[in-house]
Structure formats: structure tokens, C-alpha cells
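Some notes on the structure that comes next.
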Amino acid sequence: MNELAGKRLLLGITGGIAAYKSIELVRLLRKSAAEVQVVLTGAASQFVTPMTLQAVSGRPVRQDLFDPAHEAAMGHIELARWADLVLVAPASAGFMARLANGFADNLLATLCLATTAPIILAPAMNQQMWANPATRHNVALLEQRGVELWGPASGDQACGEIGPGRMLEPEALLGQLQGRFAPGPLSGVRVLLTAGPTREPLDPVRFIGNRSSGKMGFALATAFAGAGAAVELVAGPVSLDTPPGVERIDVETACEMEQAVMSRVTGCDIFVGCAAVADYRPDAVAAQKIKKHNDRMELRLVRNPDILAGVAARTDAPFTVGFAAETQAAEDHAEKKRIAKRIDMIAANLVGAREGGFERDENALTLLWEGGREALPMMDKRRLAEQLVSVVTEHYLAARHPAS
Ligand code: C5P
């Protein structure tokens, strides 16, 4: 199967000696029947000529932000909409800084701001520039916003140094692109997730909340989308960017979260309750700010609906996955919860001062299901999410197509 046939790839080339390799990349992409539109920055045209790239890509190369020949000088919007994917290879340190800071001062940087297509960078630079704290910071910012980085590789550099900073070879980039467009194991599968905390208002200015950052749920949404699923993410109040390709529904309270979930769960294949939903909410919300009069005050709370248990109890219940954040005996409590809520799988983790969990970038989980368990050791939440998604995928597919 040729995954790249008919795909519209926008190849941005920025200034760096590795730009000469992009000519070969364009040739390989064209051989794979992809449509390739090349955009050159001014610095890139010092290394490769528009004429060469036009010849190999079969399309005029674009260079200018203000180009009267293209759609009333709105070329950046037209290109941003056209692309199925934007690959910048080589991506120089300067271009990455521009992108990280949202500059719109050349055609390539501007269309990257304007596109909803995935953006992938293949960095190429001197190893010291790659190691520089400014570049490290820009890389972290870009990755946080969902920009993917492929490479760089390590080895001999054009400047005579040895280290990380070499652009991946054209064949390697081609392979990565083919993998990116290959249908994932969850293609055609609908996934609904909850993430983040809820806020239960006491009065117009105060609420009961919790320390959930939403990072685990957002990482899961990214990983499910990466596996090819159509993902809807019901998010409590968090300060995180929406993962590319994910539909996000913002809510505040547990009741709003329940409503958002129940109105979307029909036809959904996998439900993951990752949100830290408040168990109770104030019985009444004061219309005005509550004043301090007495030394003591009592709050009357009422139970919130259990969203996960509610989804699992439906006759059309999807494959359900829950989380159990515990401060002690995590597995015991989690297993009891799995059975009580009648869910297919639960991810147990310890939270507290020394453990991972809330507000951290790392976490460790133990997955429990009927008759089995798998421990995922402490790691970055993004990698952890990918591993969790692969275990969920395996169990979901086995439940859908039981061995006869
Ligand atoms: O019972 P407990 O709150 O510990 O269960 C945690 C799991 O249940 C999580 O998956 C959480 O998202 C889900 N949950 C829910 N609605 C609630 C409480 C918890 O969906 N009201």
C-alpha cells in the first residue's frame, strides 16, 4: 500500500547546508506519488535554487509572503489550507526560534501559524546550537504545542564537529512520513475522554477544586489520535493546548462534564475517565460572595454523579477505562473500584508528595483488568500515555473480535 499517494505535503526548506538533501527528499516523495509544494526561506535560497526544486517537485516554488501572483497576496492562507502536513526540513535554529515565538515575518513562518495541519520539523544545526539553552527552550515550547520533531541524528557535521544536529537522511524522512500516513490500529474508532479537574462553585468567586493538571488526559488524547482514533476530549479547567486533531469540549463542573459526556457517548467505542471529578458539590451556590461572620462555618455538600460508572452501566456501554489516584494501597483500592464501577480496565497510581501523579510531568501506573495486570514504570506522561493506549487498544480489539 502506498500511504503517500495523493497526499499534499508542504515542504519548507530553511537556511542550512542540509538543504541540499531536501532535493533528494522531494524526488523520493514524488516517486511515492505525493503532491509536494516547496516553500523556501530567503536563507534557504542561498543553499539551493528555486529552479532545481521546481524541476524535481513539478510545481513552482513559493518564497514570498507578499506575492501579487497568488490569491490577492493571501498566499500563506491558501498554502496553509492546502497542506495535509507541513514538514520543515531542514529546520534551522533560527526558524525554530521564529516558530516558537509566533513570528510571521516570512512566508513559511506565517503559513505555519495559519495552518491546522500537523507541523513536523527535521532540525539541522551545529551541535552546540542544538545544545544551547535557547534552542532547548524553543524545542520544549514547540513540542508542548504539538509540533513534532524528527531527529536530529548524531554524527559528523559540515562544520567539522561531531554531535547531535544532523538532519535525518531523506530515506529516513520518507519512512517516517509513510508511517505517519499509515492507518493506525484505531482508525475508524471513536474515543471519548475526560481530563483535568472540576470546579464546584461556592459563590461567584470561590470554588472547590483539586490539583489535577490534565496532563495525563491530554497526553492520552494525543496518543489515541496518533493511533488513528477520532478523539473527543471533555476537559475541565486546565491551561493546556488542545492536541492537534482532537475535538475539545470545555466544562467546569462535574454536572457539566456529565452532560457533555452523556450527550456524546452514543456510538462511542472507548471511554476513558481520566478527569479528577469532585465527589461532592456545594448543596447551594450563594448568589453573592459569602461574608465571614462566625469563627466556624459549615458547608453542606451533595454527591456528584459518577460519570464513569454511569457510562459503564449503559446498555450500549463502550470499552471503559478508569483511573484510581490513591495515596496508599493503590492496587487494592483500584481493583475494588474496577469491580464496583463495572469497568473494563483501571489505571492505578499513587499520588502524594514523593510520588508522580498530579501536577507532575512523570507518572507510573498499574493497569488492572479481569484476570490480569501490567505495571508501567515511572516515565514521561507522553510515553506513558502511548504505552497505555497500546494496552487499551489490544484489549479493546480482543473484546471486539473475541477469539472463537
Ligand atoms: O471513585 P473515584 O473518584 O476514585 O474514581 C476515579 C475514576 O472515576 C476516575 O476514572 C474518574 O475519572 C472517574 N469518576 C467519574 N465521576 C466521578 C468520580 C470519578 O467519572 N464523579
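Ordering of the C-alpha cells sets the chain letters (A, B, ...), residue numbers begin anew at 1 in every chain, and ligands are numbered from 1 in the order given.
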- Within 9 Å of ligand 1, which residues show up when you count only C-alpha atoms and all ligand atoms? List them as JSON, numbers by chain, please. {"A": [193, 194, 195, 196, 254, 255, 257, 258, 272, 273, 274, 275, 276, 277, 278, 279, 280, 303, 304, 305, 306, 307, 308, 309, 310, 311, 321, 322, 323, 324, 325, 326, 333, 334, 337, 338, 341, 346, 347]}
Name all residues at most 8 Å from Leu365 (chain A) (count only C-alpha atoms; drop same-chain ones fewer than 5 positions away) and give them as a PDB file with all heavy atoms, in the first residue's frame.
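result.pdb, freshly written:
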ATOM      1  N   ALA A 347      -6.538   2.151  35.722  1.00  0.00           N
ATOM      2  CA  ALA A 347      -5.122   2.504  35.852  1.00  0.00           C
ATOM      3  C   ALA A 347      -4.924   3.055  37.246  1.00  0.00           C
ATOM      4  O   ALA A 347      -5.478   4.101  37.592  1.00  0.00           O
ATOM      5  CB  ALA A 347      -4.744   3.547  34.803  1.00  0.00           C
ATOM      6  N   ALA A 348      -4.135   2.314  38.051  1.00  0.00           N
ATOM      7  CA  ALA A 348      -3.927   2.730  39.444  1.00  0.00           C
ATOM      8  C   ALA A 348      -2.625   3.494  39.556  1.00  0.00           C
ATOM      9  O   ALA A 348      -1.618   3.087  38.982  1.00  0.00           O
ATOM     10  CB  ALA A 348      -3.864   1.482  40.319  1.00  0.00           C
ATOM     11  N   ASN A 349      -2.658   4.605  40.288  1.00  0.00           N
ATOM     12  CA  ASN A 349      -1.384   5.268  40.579  1.00  0.00           C
ATOM     13  C   ASN A 349      -1.388   5.909  41.954  1.00  0.00           C
ATOM     14  O   ASN A 349      -2.428   6.298  42.470  1.00  0.00           O
ATOM     15  CB  ASN A 349      -0.984   6.270  39.491  1.00  0.00           C
ATOM     16  CG  ASN A 349      -1.783   7.528  39.511  1.00  0.00           C
ATOM     17  OD1 ASN A 349      -2.998   7.485  39.486  1.00  0.00           O
ATOM     18  ND2 ASN A 349      -1.104   8.650  39.556  1.00  0.00           N
ATOM     19  N   ALA A 375       2.266  -3.526  34.867  1.00  0.00           N
ATOM     20  CA  ALA A 375       2.829  -2.338  35.521  1.00  0.00           C
ATOM     21  C   ALA A 375       3.607  -1.519  34.488  1.00  0.00           C
ATOM     22  O   ALA A 375       4.424  -2.060  33.750  1.00  0.00           O
ATOM     23  CB  ALA A 375       3.739  -2.761  36.655  1.00  0.00           C
ATOM     24  N   LEU A 376       3.320  -0.227  34.414  1.00  0.00           N
ATOM     25  CA  LEU A 376       4.078   0.674  33.544  1.00  0.00           C
ATOM     26  C   LEU A 376       4.930   1.558  34.463  1.00  0.00           C
ATOM     27  O   LEU A 376       4.383   2.327  35.256  1.00  0.00           O
ATOM     28  CB  LEU A 376       3.126   1.534  32.689  1.00  0.00           C
ATOM     29  CG  LEU A 376       2.105   0.772  31.828  1.00  0.00           C
ATOM     30  CD1 LEU A 376       1.176   1.729  31.085  1.00  0.00           C
ATOM     31  CD2 LEU A 376       2.803  -0.132  30.820  1.00  0.00           C
ATOM     32  N   PRO A 377       6.271   1.430  34.395  1.00  0.00           N
ATOM     33  CA  PRO A 377       7.138   2.135  35.352  1.00  0.00           C
ATOM     34  C   PRO A 377       7.134   3.652  35.155  1.00  0.00           C
ATOM     35  O   PRO A 377       6.625   4.145  34.143  1.00  0.00           O
ATOM     36  CB  PRO A 377       8.519   1.547  35.073  1.00  0.00           C
ATOM     37  CG  PRO A 377       8.448   1.063  33.667  1.00  0.00           C
ATOM     38  CD  PRO A 377       7.028   0.671  33.400  1.00  0.00           C
ATOM     39  N   MET A 378       7.728   4.358  36.103  1.00  0.00           N
ATOM     40  CA  MET A 378       7.788   5.829  36.063  1.00  0.00           C
ATOM     41  C   MET A 378       8.414   6.306  34.754  1.00  0.00           C
ATOM     42  O   MET A 378       9.502   5.894  34.382  1.00  0.00           O
ATOM     43  CB  MET A 378       8.654   6.298  37.249  1.00  0.00           C
ATOM     44  CG  MET A 378       8.730   7.789  37.433  1.00  0.00           C
ATOM     45  SD  MET A 378       7.150   8.547  37.870  1.00  0.00           S
ATOM     46  CE  MET A 378       6.943   8.051  39.570  1.00  0.00           C
TER      47      MET A 378
END
- Query: Hey, what does DSSP flag as helix (DSSP H, G or I) within region 106-278 of chain A? Can you give it to me as a ChimeraX atom specification?
  - Reply: /A:107-114,127-131,133-144,170-181,215-226,254-262
How would the residues just picked look written out with C-alpha atoms as a tab-separated table (two decimals), in the first residue's frame?
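What landed in result_20.tsv:
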chain	number	residue	atom	x	y	z
A	107	LEU	CA	6.03	33.03	4.13
A	108	LEU	CA	6.96	29.72	5.81
A	109	ALA	CA	6.65	31.00	9.41
A	110	THR	CA	3.35	32.70	8.56
A	111	LEU	CA	1.74	29.68	6.96
A	112	CYS	CA	2.84	27.57	9.95
A	113	LEU	CA	0.83	29.98	12.14
A	114	ALA	CA	-2.14	29.80	9.80
A	127	GLN	CA	25.70	20.56	17.81
A	128	GLN	CA	26.45	23.50	20.13
A	129	MET	CA	23.48	25.42	18.72
A	130	TRP	CA	21.27	22.35	19.32
A	131	ALA	CA	22.53	22.13	22.93
A	133	PRO	CA	19.50	26.57	26.35
A	134	ALA	CA	17.63	28.91	24.00
A	135	THR	CA	17.18	26.10	21.46
A	136	ARG	CA	16.27	23.62	24.23
A	137	HIS	CA	13.62	26.06	25.45
A	138	ASN	CA	12.24	26.55	21.93
A	139	VAL	CA	12.10	22.78	21.37
A	140	ALA	CA	10.18	22.29	24.64
A	141	LEU	CA	7.72	25.07	23.71
A	142	LEU	CA	7.14	23.69	20.23
A	143	GLU	CA	6.63	20.12	21.47
A	144	GLN	CA	4.22	21.35	24.11
A	170	PRO	CA	15.90	11.67	3.04
A	171	GLU	CA	15.12	7.91	3.11
A	172	ALA	CA	14.56	8.07	6.87
A	173	LEU	CA	12.24	11.08	6.49
A	174	LEU	CA	10.35	9.28	3.74
A	175	GLY	CA	9.89	6.24	6.02
A	176	GLN	CA	8.66	8.44	8.87
A	177	LEU	CA	6.17	10.13	6.55
A	178	GLN	CA	4.87	6.79	5.29
A	179	GLY	CA	4.40	5.70	8.92
A	180	ARG	CA	2.62	8.97	9.72
A	181	PHE	CA	0.01	8.37	6.98
A	215	LYS	CA	-1.55	16.48	31.54
A	216	MET	CA	-2.24	12.74	31.64
A	217	GLY	CA	-5.64	13.06	29.94
A	218	PHE	CA	-4.30	15.41	27.27
A	219	ALA	CA	-1.34	13.07	26.64
A	220	LEU	CA	-3.83	10.21	26.26
A	221	ALA	CA	-5.91	12.22	23.80
A	222	THR	CA	-2.73	12.84	21.76
A	223	ALA	CA	-1.78	9.16	21.87
A	224	PHE	CA	-5.28	7.98	20.86
A	225	ALA	CA	-5.29	10.45	17.95
A	226	GLY	CA	-1.82	9.18	17.00
A	254	ALA	CA	-18.94	17.69	37.37
A	255	CYS	CA	-22.56	18.10	36.27
A	256	GLU	CA	-21.48	19.93	33.11
A	257	MET	CA	-18.91	17.20	32.47
A	258	GLU	CA	-21.54	14.51	32.89
A	259	GLN	CA	-23.87	16.27	30.48
A	260	ALA	CA	-21.09	16.73	27.89
A	261	VAL	CA	-20.17	13.04	28.16
A	262	MET	CA	-23.70	11.63	28.10
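The nearest approach to Arg81 (chain A) among the residues A:Ala117, A:Ile208, A:Ala284, A:Val26, with only C-alpha atoms taken into account, belongs to A:Ala117.
Distances from A:Ser390, A:Arg145, A:Gly15, A:Asn132 to Gly102 (chain A) were compared using only C-alpha atoms, and the smallest one belongs to A:Arg145.
A straight line drawn from CA of Val246 (chain A) to CA of Gly94 (chain A) is 29.4 Å long.
Those residues that approach Ala317 (chain A) to within 9 Å, counting only C-alpha atoms, are Val265, Thr266, Cys268, Asp269, Ile270, Phe271 and Val311 of chain A; same-chain residues fewer than 6 positions away are not listed.
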- Task: Write out as a list in words each polymer residue whose atoms come within 10 Å of Asp84 (chain A), counting only C-alpha atoms; drop sequence neighbours fewer than 3 positions from it.
- Result: Gly6, Lys7, Arg8, Leu9, Leu10, Glu35, Ala80, Arg81, Thr115, Thr116, Ala117, Pro118, Ile119 and Phe181 of chain A
- Query: Interatomic distance between CA of Ala5 (chain A) and CA of Val38 (chain A)?
  - Reply: 17.1 Å
- Item | Backbone-only DSSP, strand (DSSP E) members of region 175-347 of chain A, as an MDAnalysis selection string | chainID A and resid 190:195 200:201 207:208 230:235 247:250 270:273 280:282 301:303 319:326 345:347
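Among A:Val285, A:Ala19, A:Val56, A:Ile339, the residue with the shortest atom-to-atom distance to Ala43 (chain A), counting only C-alpha atoms, is A:Ala19.
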